[in-house]
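model.cif follows; it contains mmCIF, N, CA and C atoms.
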```
data_target
#
loop_
_atom_site.group_PDB
_atom_site.id
_atom_site.type_symbol
_atom_site.label_atom_id
_atom_site.label_comp_id
_atom_site.auth_asym_id
_atom_site.auth_seq_id
_atom_site.Cartn_x
_atom_site.Cartn_y
_atom_site.Cartn_z
ATOM 1 N N MET A 79 -7.057 -17.001 -30.098
ATOM 2 C CA MET A 79 -5.989 -16.088 -30.424
ATOM 3 C C MET A 79 -4.935 -16.174 -29.332
ATOM 4 N N LEU A 80 -3.719 -16.305 -29.752
ATOM 5 C CA LEU A 80 -2.630 -16.419 -28.797
ATOM 6 C C LEU A 80 -2.150 -15.038 -28.390
ATOM 7 N N ASN A 81 -2.029 -14.844 -27.092
ATOM 8 C CA ASN A 81 -1.419 -13.609 -26.629
ATOM 9 C C ASN A 81 -0.068 -13.953 -26.014
ATOM 10 N N LEU A 82 0.635 -12.960 -25.568
ATOM 11 C CA LEU A 82 1.995 -13.148 -25.087
ATOM 12 C C LEU A 82 2.054 -14.084 -23.886
ATOM 13 N N SER A 83 1.106 -13.989 -22.970
ATOM 14 C CA SER A 83 1.138 -14.850 -21.785
ATOM 15 C C SER A 83 0.871 -16.311 -22.138
ATOM 16 N N SER A 84 -0.018 -16.555 -23.114
ATOM 17 C CA SER A 84 -0.283 -17.943 -23.486
ATOM 18 C C SER A 84 0.906 -18.539 -24.244
ATOM 19 N N ILE A 85 1.590 -17.731 -25.041
ATOM 20 C CA ILE A 85 2.794 -18.208 -25.730
ATOM 21 C C ILE A 85 3.872 -18.546 -24.711
ATOM 22 N N ALA A 86 4.031 -17.688 -23.717
ATOM 23 C CA ALA A 86 5.016 -17.941 -22.661
ATOM 24 C C ALA A 86 4.672 -19.223 -21.910
ATOM 25 N N ALA A 87 3.402 -19.453 -21.633
ATOM 26 C CA ALA A 87 2.983 -20.661 -20.927
ATOM 27 C C ALA A 87 3.273 -21.906 -21.759
ATOM 28 N N ILE A 88 3.059 -21.827 -23.067
ATOM 29 C CA ILE A 88 3.340 -22.963 -23.948
ATOM 30 C C ILE A 88 4.839 -23.252 -23.971
ATOM 31 N N ILE A 89 5.641 -22.190 -24.054
ATOM 32 C CA ILE A 89 7.102 -22.375 -24.072
ATOM 33 C C ILE A 89 7.575 -23.015 -22.783
ATOM 34 N N ILE A 90 7.043 -22.555 -21.656
ATOM 35 C CA ILE A 90 7.432 -23.123 -20.358
ATOM 36 C C ILE A 90 6.997 -24.577 -20.281
ATOM 37 N N ALA A 91 5.786 -24.870 -20.745
ATOM 38 C CA ALA A 91 5.286 -26.241 -20.698
ATOM 39 C C ALA A 91 6.129 -27.155 -21.575
ATOM 40 N N GLN A 92 6.532 -26.677 -22.745
ATOM 41 C CA GLN A 92 7.354 -27.504 -23.628
ATOM 42 C C GLN A 92 8.741 -27.719 -23.047
ATOM 43 N N SER A 93 9.294 -26.692 -22.413
ATOM 44 C CA SER A 93 10.634 -26.864 -21.847
ATOM 45 C C SER A 93 10.597 -27.815 -20.652
ATOM 46 N N GLU A 94 9.468 -27.877 -19.946
ATOM 47 C CA GLU A 94 9.334 -28.808 -18.825
ATOM 48 C C GLU A 94 9.135 -30.239 -19.305
ATOM 49 N N THR A 95 8.533 -30.400 -20.486
ATOM 50 C CA THR A 95 8.285 -31.747 -20.999
ATOM 51 C C THR A 95 9.423 -32.241 -21.881
ATOM 52 N N GLY A 96 10.454 -31.464 -22.024
ATOM 53 C CA GLY A 96 11.612 -31.909 -22.780
ATOM 54 C C GLY A 96 11.726 -31.298 -24.155
ATOM 55 N N GLY A 97 10.698 -30.603 -24.662
ATOM 56 C CA GLY A 97 10.777 -29.938 -25.959
ATOM 57 C C GLY A 97 11.531 -28.627 -25.813
ATOM 58 N N SER A 98 12.253 -28.273 -26.829
ATOM 59 C CA SER A 98 13.017 -27.034 -26.718
ATOM 60 C C SER A 98 12.169 -25.848 -27.183
ATOM 61 N N ALA A 99 12.450 -24.700 -26.614
ATOM 62 C CA ALA A 99 11.736 -23.483 -26.997
ATOM 63 C C ALA A 99 12.079 -23.119 -28.439
ATOM 64 N N LEU A 100 13.299 -23.383 -28.855
ATOM 65 C CA LEU A 100 13.704 -23.089 -30.222
ATOM 66 C C LEU A 100 12.907 -23.936 -31.209
ATOM 67 N N GLY A 101 12.668 -25.188 -30.861
ATOM 68 C CA GLY A 101 11.880 -26.072 -31.722
ATOM 69 C C GLY A 101 10.451 -25.594 -31.874
ATOM 70 N N PHE A 102 9.964 -24.861 -30.907
ATOM 71 C CA PHE A 102 8.611 -24.314 -30.976
ATOM 72 C C PHE A 102 8.583 -22.970 -31.708
ATOM 73 N N LEU A 103 9.564 -22.145 -31.431
ATOM 74 C CA LEU A 103 9.554 -20.803 -31.994
ATOM 75 C C LEU A 103 10.012 -20.737 -33.449
ATOM 76 N N LEU A 104 10.842 -21.660 -33.866
ATOM 77 C CA LEU A 104 11.350 -21.639 -35.229
ATOM 78 C C LEU A 104 10.236 -21.743 -36.276
ATOM 79 N N PRO A 105 9.293 -22.680 -36.162
ATOM 80 C CA PRO A 105 8.206 -22.723 -37.155
ATOM 81 C C PRO A 105 7.339 -21.461 -37.131
ATOM 82 N N ILE A 106 7.144 -20.895 -35.957
ATOM 83 C CA ILE A 106 6.355 -19.656 -35.868
ATOM 84 C C ILE A 106 7.085 -18.524 -36.585
ATOM 85 N N ALA A 107 8.401 -18.439 -36.404
ATOM 86 C CA ALA A 107 9.189 -17.401 -37.068
ATOM 87 C C ALA A 107 9.170 -17.601 -38.586
ATOM 88 N N VAL A 108 9.259 -18.844 -39.032
ATOM 89 C CA VAL A 108 9.218 -19.127 -40.467
ATOM 90 C C VAL A 108 7.855 -18.741 -41.040
ATOM 91 N N LEU A 109 6.782 -19.095 -40.356
ATOM 92 C CA LEU A 109 5.443 -18.724 -40.823
ATOM 93 C C LEU A 109 5.261 -17.214 -40.831
ATOM 94 N N GLY A 110 5.791 -16.531 -39.823
ATOM 95 C CA GLY A 110 5.713 -15.073 -39.793
ATOM 96 C C GLY A 110 6.457 -14.453 -40.966
ATOM 97 N N GLY A 111 7.629 -14.999 -41.286
ATOM 98 C CA GLY A 111 8.392 -14.503 -42.424
ATOM 99 C C GLY A 111 7.673 -14.728 -43.739
ATOM 100 N N LEU A 112 7.078 -15.913 -43.897
ATOM 101 C CA LEU A 112 6.313 -16.194 -45.121
ATOM 102 C C LEU A 112 5.103 -15.275 -45.240
ATOM 103 N N PHE A 113 4.425 -15.060 -44.111
ATOM 104 C CA PHE A 113 3.276 -14.151 -44.104
ATOM 105 C C PHE A 113 3.702 -12.772 -44.577
ATOM 106 N N TYR A 114 4.831 -12.291 -44.072
ATOM 107 C CA TYR A 114 5.321 -10.974 -44.449
ATOM 108 C C TYR A 114 5.670 -10.928 -45.942
ATOM 109 N N LEU A 115 6.388 -11.939 -46.419
ATOM 110 C CA LEU A 115 6.819 -11.954 -47.818
ATOM 111 C C LEU A 115 5.655 -12.091 -48.795
ATOM 112 N N LEU A 116 4.669 -12.907 -48.440
ATOM 113 C CA LEU A 116 3.586 -13.193 -49.383
ATOM 114 C C LEU A 116 2.419 -12.225 -49.309
ATOM 115 N N LEU A 117 2.221 -11.594 -48.159
ATOM 116 C CA LEU A 117 1.056 -10.721 -48.021
ATOM 117 C C LEU A 117 1.401 -9.253 -47.801
ATOM 118 N N VAL A 118 2.304 -8.971 -46.917
ATOM 119 C CA VAL A 118 2.565 -7.584 -46.533
ATOM 120 C C VAL A 118 3.364 -6.847 -47.601
ATOM 121 N N MET A 119 4.456 -7.446 -48.067
ATOM 122 C CA MET A 119 5.309 -6.748 -49.053
ATOM 123 C C MET A 119 4.570 -6.420 -50.353
ATOM 124 N N PRO A 120 3.810 -7.348 -50.955
ATOM 125 C CA PRO A 120 3.085 -6.995 -52.180
ATOM 126 C C PRO A 120 2.039 -5.896 -51.951
ATOM 127 N N GLN A 121 1.385 -5.913 -50.794
ATOM 128 C CA GLN A 121 0.390 -4.880 -50.512
ATOM 129 C C GLN A 121 1.053 -3.515 -50.376
ATOM 130 N N ARG A 122 2.202 -3.458 -49.727
ATOM 131 C CA ARG A 122 2.932 -2.189 -49.613
ATOM 132 C C ARG A 122 3.367 -1.688 -50.984
ATOM 133 N N ARG A 123 3.803 -2.606 -51.835
ATOM 134 C CA ARG A 123 4.229 -2.243 -53.182
ATOM 135 C C ARG A 123 3.056 -1.659 -53.976
ATOM 136 N N ARG A 124 1.873 -2.303 -53.884
ATOM 137 C CA ARG A 124 0.687 -1.790 -54.587
ATOM 138 C C ARG A 124 0.276 -0.423 -54.052
ATOM 139 N N ALA A 125 0.313 -0.251 -52.738
ATOM 140 C CA ALA A 125 -0.074 1.027 -52.137
ATOM 141 C C ALA A 125 0.888 2.137 -52.555
ATOM 142 N N LYS A 126 2.171 1.833 -52.607
ATOM 143 C CA LYS A 126 3.160 2.828 -53.018
ATOM 144 C C LYS A 126 2.947 3.221 -54.478
ATOM 145 N N LYS A 127 2.665 2.242 -55.334
ATOM 146 C CA LYS A 127 2.424 2.516 -56.750
ATOM 147 C C LYS A 127 1.166 3.372 -56.931
ATOM 148 N N ALA A 128 0.115 3.077 -56.173
ATOM 149 C CA ALA A 128 -1.117 3.853 -56.254
ATOM 150 C C ALA A 128 -0.885 5.286 -55.778
ATOM 151 N N GLN A 129 -0.105 5.464 -54.712
ATOM 152 C CA GLN A 129 0.195 6.806 -54.215
ATOM 153 C C GLN A 129 1.010 7.594 -55.237
ATOM 154 N N GLU A 130 1.963 6.941 -55.872
ATOM 155 C CA GLU A 130 2.750 7.613 -56.915
ATOM 156 C C GLU A 130 1.867 8.051 -58.078
ATOM 157 N N LEU A 131 0.884 7.214 -58.449
ATOM 158 C CA LEU A 131 -0.048 7.575 -59.516
ATOM 159 C C LEU A 131 -0.855 8.807 -59.115
ATOM 160 N N ARG A 132 -1.400 8.799 -57.907
ATOM 161 C CA ARG A 132 -2.209 9.941 -57.453
ATOM 162 C C ARG A 132 -1.381 11.225 -57.405
ATOM 163 N N ASP A 133 -0.123 11.106 -56.988
ATOM 164 C CA ASP A 133 0.733 12.289 -56.907
ATOM 165 C C ASP A 133 1.115 12.824 -58.288
ATOM 166 N N SER A 134 1.108 11.955 -59.303
ATOM 167 C CA SER A 134 1.546 12.378 -60.633
ATOM 168 C C SER A 134 0.416 12.941 -61.491
ATOM 169 N N ILE A 135 -0.821 12.858 -61.031
ATOM 170 C CA ILE A 135 -1.950 13.337 -61.828
ATOM 171 C C ILE A 135 -2.024 14.858 -61.747
ATOM 172 N N ASP A 136 -2.150 15.485 -62.913
ATOM 173 C CA ASP A 136 -2.229 16.939 -63.012
ATOM 174 C C ASP A 136 -3.561 17.343 -63.627
ATOM 175 N N VAL A 137 -3.860 18.620 -63.545
ATOM 176 C CA VAL A 137 -5.051 19.174 -64.183
ATOM 177 C C VAL A 137 -4.935 18.930 -65.692
ATOM 178 N N GLY A 138 -6.015 18.421 -66.278
ATOM 179 C CA GLY A 138 -6.032 18.128 -67.711
ATOM 180 C C GLY A 138 -5.879 16.652 -68.031
ATOM 181 N N ASP A 139 -5.460 15.845 -67.060
ATOM 182 C CA ASP A 139 -5.317 14.406 -67.288
ATOM 183 C C ASP A 139 -6.688 13.733 -67.278
ATOM 184 N N GLU A 140 -6.842 12.734 -68.135
ATOM 185 C CA GLU A 140 -8.066 11.937 -68.136
ATOM 186 C C GLU A 140 -7.848 10.744 -67.218
ATOM 187 N N VAL A 141 -8.803 10.512 -66.310
ATOM 188 C CA VAL A 141 -8.671 9.456 -65.306
ATOM 189 C C VAL A 141 -9.909 8.567 -65.305
ATOM 190 N N ARG A 142 -9.734 7.380 -64.725
ATOM 191 C CA ARG A 142 -10.846 6.457 -64.479
ATOM 192 C C ARG A 142 -10.895 6.214 -62.981
ATOM 193 N N THR A 143 -12.084 6.320 -62.400
ATOM 194 C CA THR A 143 -12.222 6.091 -60.962
ATOM 195 C C THR A 143 -12.418 4.609 -60.684
ATOM 196 N N ILE A 144 -12.346 4.232 -59.416
ATOM 197 C CA ILE A 144 -12.558 2.836 -59.054
ATOM 198 C C ILE A 144 -13.993 2.398 -59.319
ATOM 199 N N GLY A 145 -14.891 3.366 -59.495
ATOM 200 C CA GLY A 145 -16.281 3.068 -59.829
ATOM 201 C C GLY A 145 -16.538 2.991 -61.316
ATOM 202 N N GLY A 146 -15.488 3.221 -62.131
ATOM 203 C CA GLY A 146 -15.622 3.117 -63.576
ATOM 204 C C GLY A 146 -16.037 4.404 -64.260
ATOM 205 N N ILE A 147 -15.958 5.526 -63.563
ATOM 206 C CA ILE A 147 -16.332 6.810 -64.143
ATOM 207 C C ILE A 147 -15.095 7.433 -64.782
ATOM 208 N N TYR A 148 -15.246 7.862 -66.033
ATOM 209 C CA TYR A 148 -14.161 8.514 -66.758
ATOM 210 C C TYR A 148 -14.378 10.017 -66.715
ATOM 211 N N GLY A 149 -13.293 10.750 -66.543
ATOM 212 C CA GLY A 149 -13.400 12.200 -66.529
ATOM 213 C C GLY A 149 -12.046 12.859 -66.687
ATOM 214 N N ILE A 150 -12.079 14.161 -66.902
ATOM 215 C CA ILE A 150 -10.868 14.955 -67.051
ATOM 216 C C ILE A 150 -10.722 15.814 -65.807
ATOM 217 N N VAL A 151 -9.548 15.776 -65.201
ATOM 218 C CA VAL A 151 -9.299 16.523 -63.971
ATOM 219 C C VAL A 151 -9.313 18.013 -64.291
ATOM 220 N N ARG A 152 -10.175 18.748 -63.584
ATOM 221 C CA ARG A 152 -10.286 20.194 -63.796
ATOM 222 C C ARG A 152 -9.630 20.981 -62.672
ATOM 223 N N SER A 153 -9.620 20.428 -61.438
ATOM 224 C CA SER A 153 -8.955 21.120 -60.330
ATOM 225 C C SER A 153 -8.604 20.111 -59.251
ATOM 226 N N GLU A 154 -7.720 20.550 -58.380
ATOM 227 C CA GLU A 154 -7.241 19.710 -57.280
ATOM 228 C C GLU A 154 -7.329 20.543 -56.007
ATOM 229 N N ASP A 155 -7.860 19.934 -54.951
ATOM 230 C CA ASP A 155 -7.996 20.659 -53.691
ATOM 231 C C ASP A 155 -7.724 19.705 -52.532
ATOM 232 N N GLY A 156 -6.520 19.720 -52.020
ATOM 233 C CA GLY A 156 -6.175 18.859 -50.891
ATOM 234 C C GLY A 156 -6.276 17.391 -51.248
ATOM 235 N N GLU A 157 -7.270 16.722 -50.718
ATOM 236 C CA GLU A 157 -7.454 15.290 -50.954
ATOM 237 C C GLU A 157 -8.549 14.990 -51.966
ATOM 238 N N THR A 158 -8.955 15.990 -52.754
ATOM 239 C CA THR A 158 -10.012 15.760 -53.741
ATOM 240 C C THR A 158 -9.614 16.301 -55.112
ATOM 241 N N PHE A 159 -10.226 15.710 -56.136
ATOM 242 C CA PHE A 159 -10.144 16.212 -57.495
ATOM 243 C C PHE A 159 -11.549 16.600 -57.919
ATOM 244 N N THR A 160 -11.665 17.593 -58.763
ATOM 245 C CA THR A 160 -12.916 17.884 -59.447
ATOM 246 C C THR A 160 -12.710 17.450 -60.888
ATOM 247 N N ILE A 161 -13.570 16.531 -61.352
ATOM 248 C CA ILE A 161 -13.424 16.026 -62.712
ATOM 249 C C ILE A 161 -14.638 16.409 -63.548
ATOM 250 N N ASP A 162 -14.383 16.664 -64.817
ATOM 251 C CA ASP A 162 -15.435 16.949 -65.789
ATOM 252 C C ASP A 162 -15.826 15.615 -66.404
ATOM 253 N N ILE A 163 -17.089 15.214 -66.220
ATOM 254 C CA ILE A 163 -17.525 13.905 -66.697
ATOM 255 C C ILE A 163 -18.327 14.000 -67.996
ATOM 256 N N GLY A 164 -18.326 15.161 -68.607
ATOM 257 C CA GLY A 164 -19.002 15.334 -69.895
ATOM 258 C C GLY A 164 -20.372 15.959 -69.733
ATOM 259 N N GLY A 165 -20.833 16.566 -70.799
ATOM 260 C CA GLY A 165 -22.161 17.173 -70.789
ATOM 261 C C GLY A 165 -22.261 18.367 -69.859
ATOM 262 N N GLY A 166 -21.141 18.971 -69.548
ATOM 263 C CA GLY A 166 -21.149 20.126 -68.655
ATOM 264 C C GLY A 166 -21.241 19.763 -67.186
ATOM 265 N N SER A 167 -21.148 18.480 -66.874
ATOM 266 C CA SER A 167 -21.244 18.027 -65.476
ATOM 267 C C SER A 167 -19.861 17.837 -64.877
ATOM 268 N N THR A 168 -19.747 18.205 -63.618
ATOM 269 C CA THR A 168 -18.510 17.967 -62.884
ATOM 270 C C THR A 168 -18.823 17.133 -61.655
ATOM 271 N N MET A 169 -17.792 16.493 -61.154
ATOM 272 C CA MET A 169 -17.953 15.632 -59.981
ATOM 273 C C MET A 169 -16.722 15.797 -59.106
ATOM 274 N N ARG A 170 -16.941 15.881 -57.814
ATOM 275 C CA ARG A 170 -15.830 15.954 -56.878
ATOM 276 C C ARG A 170 -15.583 14.556 -56.328
ATOM 277 N N ILE A 171 -14.338 14.082 -56.434
ATOM 278 C CA ILE A 171 -14.007 12.725 -55.989
ATOM 279 C C ILE A 171 -12.798 12.774 -55.064
ATOM 280 N N ALA A 172 -12.663 11.772 -54.234
ATOM 281 C CA ALA A 172 -11.476 11.632 -53.402
ATOM 282 C C ALA A 172 -10.316 11.178 -54.271
ATOM 283 N N LYS A 173 -9.129 11.668 -53.962
ATOM 284 C CA LYS A 173 -7.956 11.275 -54.751
ATOM 285 C C LYS A 173 -7.752 9.766 -54.717
ATOM 286 N N ARG A 174 -8.055 9.136 -53.598
ATOM 287 C CA ARG A 174 -7.837 7.692 -53.487
ATOM 288 C C ARG A 174 -8.815 6.890 -54.344
ATOM 289 N N ALA A 175 -9.816 7.567 -54.923
ATOM 290 C CA ALA A 175 -10.784 6.889 -55.788
ATOM 291 C C ALA A 175 -10.304 6.780 -57.228
ATOM 292 N N VAL A 176 -9.159 7.368 -57.542
ATOM 293 C CA VAL A 176 -8.634 7.290 -58.903
ATOM 294 C C VAL A 176 -7.957 5.937 -59.094
ATOM 295 N N ALA A 177 -8.436 5.182 -60.091
ATOM 296 C CA ALA A 177 -7.873 3.858 -60.358
ATOM 297 C C ALA A 177 -6.678 3.944 -61.295
ATOM 298 N N ASP A 178 -6.797 4.740 -62.355
ATOM 299 C CA ASP A 178 -5.663 4.898 -63.263
ATOM 300 C C ASP A 178 -5.878 6.091 -64.180
ATOM 301 N N ARG A 179 -4.818 6.425 -64.879
ATOM 302 C CA ARG A 179 -4.840 7.499 -65.858
ATOM 303 C C ARG A 179 -5.142 6.872 -67.209
ATOM 304 N N VAL A 180 -6.114 7.397 -67.919
ATOM 305 C CA VAL A 180 -6.495 6.861 -69.215
ATOM 306 C C VAL A 180 -5.426 7.218 -70.231
ATOM 307 N N GLY A 181 -5.052 6.238 -71.037
ATOM 308 C CA GLY A 181 -4.027 6.450 -72.049
ATOM 309 C C GLY A 181 -2.628 6.312 -71.519
ATOM 310 N N ASP A 182 -2.483 5.935 -70.251
ATOM 311 C CA ASP A 182 -1.158 5.738 -69.651
ATOM 312 C C ASP A 182 -0.682 4.338 -70.007
ATOM 313 N N ASP A 183 0.359 4.238 -70.832
ATOM 314 C CA ASP A 183 0.848 2.940 -71.302
ATOM 315 C C ASP A 183 2.016 2.422 -70.479
ATOM 316 N N SER A 184 2.222 2.961 -69.279
ATOM 317 C CA SER A 184 3.381 2.548 -68.456
ATOM 318 C C SER A 184 3.179 1.200 -67.797
ATOM 319 N N GLU A 185 1.962 0.643 -67.854
ATOM 320 C CA GLU A 185 1.710 -0.644 -67.188
ATOM 321 C C GLU A 185 2.161 -1.747 -68.036
#
```

Would you mind writing the file's structure down as structure tokens?
Amino acid sequence: MLNLSSIAAIIIAQSETGGSALGFLLPIAVLGGLFYLLLVMPQRRRAKKAQELRDSIDVGDEVRTIGGIYGIVRSEDGETFTIDIGGGSTMRIAKRAVADRVGDDSE
């Protein structure tokens, strides 16, 4: 793993051997930009969409959890939902465990 001091040492070594620091840093900057565009931005977009879904769920909505459990939201308390899973059973789940709203055709 490269740290700041090893990068500085490489730059100094290249400048002493005739290579330019720009010639070394440009490919690193391009790779960093590609990494950001291909990995970071899509993940942020997915996280924002998931947060918007969790914020839009109200009592009475039917949801599916990431574990595949279907239920109807009966109450909301901070970071948890209480869902009715049928047969008179309820389950308390974390809001982040909601995968989607059943019957939501917005996708």

Checklist entry - Hey, what comes out of the PyMOL selection byres ((chain A and resi 142) around 6.5) on this file? Could you write it as JSON, numbers by chain? => result {"A": [140, 141, 143, 144, 145, 146, 147, 148, 149, 175, 176, 177, 178, 179, 180]}

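Going from CA of Arg174 in chain A to CA of Arg132 in chain A covers 7.2 Å.
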
How close does each residue of range 119-148 of chain A get to range 152-162 of chain A, giving the shortest atom pair and distance in Å to one decimal for every residue with an atom at most 7 Å away, counting all atoms listed in the file, sorted by chain and residue number, as a Markdown table?
```
| residue | atom | partner | partner_atom | distance |
| --- | --- | --- | --- | --- |
| A:Asp136 | C | A:Arg152 | N | 6.8 |
| A:Val137 | CA | A:Arg152 | C | 5.1 |
| A:Gly138 | N | A:Arg152 | N | 5.0 |
| A:Asp139 | N | A:Arg152 | N | 6.5 |
| A:Tyr148 | C | A:Asp162 | C | 5.8 |
```

Checklist entry - What does the distance from atom N of Leu112 in chain A to atom N of Ala128 in chain A come to in Å, to one decimal? => result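 It comes out at 23.7 Å.
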
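Going from atom N of Ile163 in chain A to CA of Val151 in chain A covers 8.2 Å.
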
What are the DSSP alpha helix (DSSP H) residues of range 79-171 of chain A, as a short mmCIF file (atom, residue, chain, number, x, y, z; two decimals) with N, CA and C atoms, keeping the file's coordinate frame?
```cif
data_model
loop_
_atom_site.label_atom_id
_atom_site.label_comp_id
_atom_site.auth_asym_id
_atom_site.auth_seq_id
_atom_site.Cartn_x
_atom_site.Cartn_y
_atom_site.Cartn_z
N LEU A 82 0.64 -12.96 -25.57
CA LEU A 82 2.00 -13.15 -25.09
C LEU A 82 2.05 -14.08 -23.89
N SER A 83 1.11 -13.99 -22.97
CA SER A 83 1.14 -14.85 -21.78
C SER A 83 0.87 -16.31 -22.14
N SER A 84 -0.02 -16.56 -23.11
CA SER A 84 -0.28 -17.94 -23.49
C SER A 84 0.91 -18.54 -24.24
N ILE A 85 1.59 -17.73 -25.04
CA ILE A 85 2.79 -18.21 -25.73
C ILE A 85 3.87 -18.55 -24.71
N ALA A 86 4.03 -17.69 -23.72
CA ALA A 86 5.02 -17.94 -22.66
C ALA A 86 4.67 -19.22 -21.91
N ALA A 87 3.40 -19.45 -21.63
CA ALA A 87 2.98 -20.66 -20.93
C ALA A 87 3.27 -21.91 -21.76
N ILE A 88 3.06 -21.83 -23.07
CA ILE A 88 3.34 -22.96 -23.95
C ILE A 88 4.84 -23.25 -23.97
N ILE A 89 5.64 -22.19 -24.05
CA ILE A 89 7.10 -22.38 -24.07
C ILE A 89 7.58 -23.02 -22.78
N ILE A 90 7.04 -22.56 -21.66
CA ILE A 90 7.43 -23.12 -20.36
C ILE A 90 7.00 -24.58 -20.28
N ALA A 91 5.79 -24.87 -20.74
CA ALA A 91 5.29 -26.24 -20.70
C ALA A 91 6.13 -27.16 -21.58
N GLN A 92 6.53 -26.68 -22.74
CA GLN A 92 7.35 -27.50 -23.63
C GLN A 92 8.74 -27.72 -23.05
N SER A 93 9.29 -26.69 -22.41
CA SER A 93 10.63 -26.86 -21.85
C SER A 93 10.60 -27.82 -20.65
N GLU A 94 9.47 -27.88 -19.95
CA GLU A 94 9.33 -28.81 -18.82
C GLU A 94 9.14 -30.24 -19.30
N ALA A 99 12.45 -24.70 -26.61
CA ALA A 99 11.74 -23.48 -27.00
C ALA A 99 12.08 -23.12 -28.44
N LEU A 100 13.30 -23.38 -28.86
CA LEU A 100 13.70 -23.09 -30.22
C LEU A 100 12.91 -23.94 -31.21
N GLY A 101 12.67 -25.19 -30.86
CA GLY A 101 11.88 -26.07 -31.72
C GLY A 101 10.45 -25.59 -31.87
N PHE A 102 9.96 -24.86 -30.91
CA PHE A 102 8.61 -24.31 -30.98
C PHE A 102 8.58 -22.97 -31.71
N LEU A 103 9.56 -22.14 -31.43
CA LEU A 103 9.55 -20.80 -31.99
C LEU A 103 10.01 -20.74 -33.45
N LEU A 104 10.84 -21.66 -33.87
CA LEU A 104 11.35 -21.64 -35.23
C LEU A 104 10.24 -21.74 -36.28
N PRO A 105 9.29 -22.68 -36.16
CA PRO A 105 8.21 -22.72 -37.16
C PRO A 105 7.34 -21.46 -37.13
N ILE A 106 7.14 -20.90 -35.96
CA ILE A 106 6.36 -19.66 -35.87
C ILE A 106 7.08 -18.52 -36.58
N ALA A 107 8.40 -18.44 -36.40
CA ALA A 107 9.19 -17.40 -37.07
C ALA A 107 9.17 -17.60 -38.59
N VAL A 108 9.26 -18.84 -39.03
CA VAL A 108 9.22 -19.13 -40.47
C VAL A 108 7.86 -18.74 -41.04
N LEU A 109 6.78 -19.10 -40.36
CA LEU A 109 5.44 -18.72 -40.82
C LEU A 109 5.26 -17.21 -40.83
N GLY A 110 5.79 -16.53 -39.82
CA GLY A 110 5.71 -15.07 -39.79
C GLY A 110 6.46 -14.45 -40.97
N GLY A 111 7.63 -15.00 -41.29
CA GLY A 111 8.39 -14.50 -42.42
C GLY A 111 7.67 -14.73 -43.74
N LEU A 112 7.08 -15.91 -43.90
CA LEU A 112 6.31 -16.19 -45.12
C LEU A 112 5.10 -15.28 -45.24
N PHE A 113 4.42 -15.06 -44.11
CA PHE A 113 3.28 -14.15 -44.10
C PHE A 113 3.70 -12.77 -44.58
N MET A 119 4.46 -7.45 -48.07
CA MET A 119 5.31 -6.75 -49.05
C MET A 119 4.57 -6.42 -50.35
N PRO A 120 3.81 -7.35 -50.96
CA PRO A 120 3.08 -7.00 -52.18
C PRO A 120 2.04 -5.90 -51.95
N GLN A 121 1.38 -5.91 -50.79
CA GLN A 121 0.39 -4.88 -50.51
C GLN A 121 1.05 -3.52 -50.38
N ARG A 122 2.20 -3.46 -49.73
CA ARG A 122 2.93 -2.19 -49.61
C ARG A 122 3.37 -1.69 -50.98
N ARG A 123 3.80 -2.61 -51.84
CA ARG A 123 4.23 -2.24 -53.18
C ARG A 123 3.06 -1.66 -53.98
N ARG A 124 1.87 -2.30 -53.88
CA ARG A 124 0.69 -1.79 -54.59
C ARG A 124 0.28 -0.42 -54.05
N ALA A 125 0.31 -0.25 -52.74
CA ALA A 125 -0.07 1.03 -52.14
C ALA A 125 0.89 2.14 -52.56
N LYS A 126 2.17 1.83 -52.61
CA LYS A 126 3.16 2.83 -53.02
C LYS A 126 2.95 3.22 -54.48
N LYS A 127 2.66 2.24 -55.33
CA LYS A 127 2.42 2.52 -56.75
C LYS A 127 1.17 3.37 -56.93
N ALA A 128 0.12 3.08 -56.17
CA ALA A 128 -1.12 3.85 -56.25
C ALA A 128 -0.88 5.29 -55.78
N GLN A 129 -0.10 5.46 -54.71
CA GLN A 129 0.20 6.81 -54.22
C GLN A 129 1.01 7.59 -55.24
N GLU A 130 1.96 6.94 -55.87
CA GLU A 130 2.75 7.61 -56.92
C GLU A 130 1.87 8.05 -58.08
N LEU A 131 0.88 7.21 -58.45
CA LEU A 131 -0.05 7.58 -59.52
C LEU A 131 -0.86 8.81 -59.12
N ARG A 132 -1.40 8.80 -57.91
CA ARG A 132 -2.21 9.94 -57.45
C ARG A 132 -1.38 11.22 -57.40
N ASP A 133 -0.12 11.11 -56.99
CA ASP A 133 0.73 12.29 -56.91
C ASP A 133 1.12 12.82 -58.29
N SER A 134 1.11 11.96 -59.30
CA SER A 134 1.55 12.38 -60.63
C SER A 134 0.42 12.94 -61.49
#
```

Using only the atoms of range 132-148 of chain A listed in the file, plus 8 Å on each side, state the axis-aligned box centre and edge lengths in Å rounded to one decimal, as lines of an AutoDock Vina configuration file.
```
center_x = -7.5
center_y = 10.8
center_z = -62.5
size_x = 34.1
size_y = 32.8
size_z = 27.2
```

Next on the checklist: Among range 109-168 of chain A, which residues does DSSP mark as strand (DSSP E) when it is run on the backbone? Keep the chain and numbering as in the structure and answer as JSON, numbers by chain.
Outcome noted: {"A": [140, 141, 142, 143, 148, 149, 150, 151, 152, 153, 154, 155, 158, 159, 160, 161, 162, 163, 164, 167, 168]}
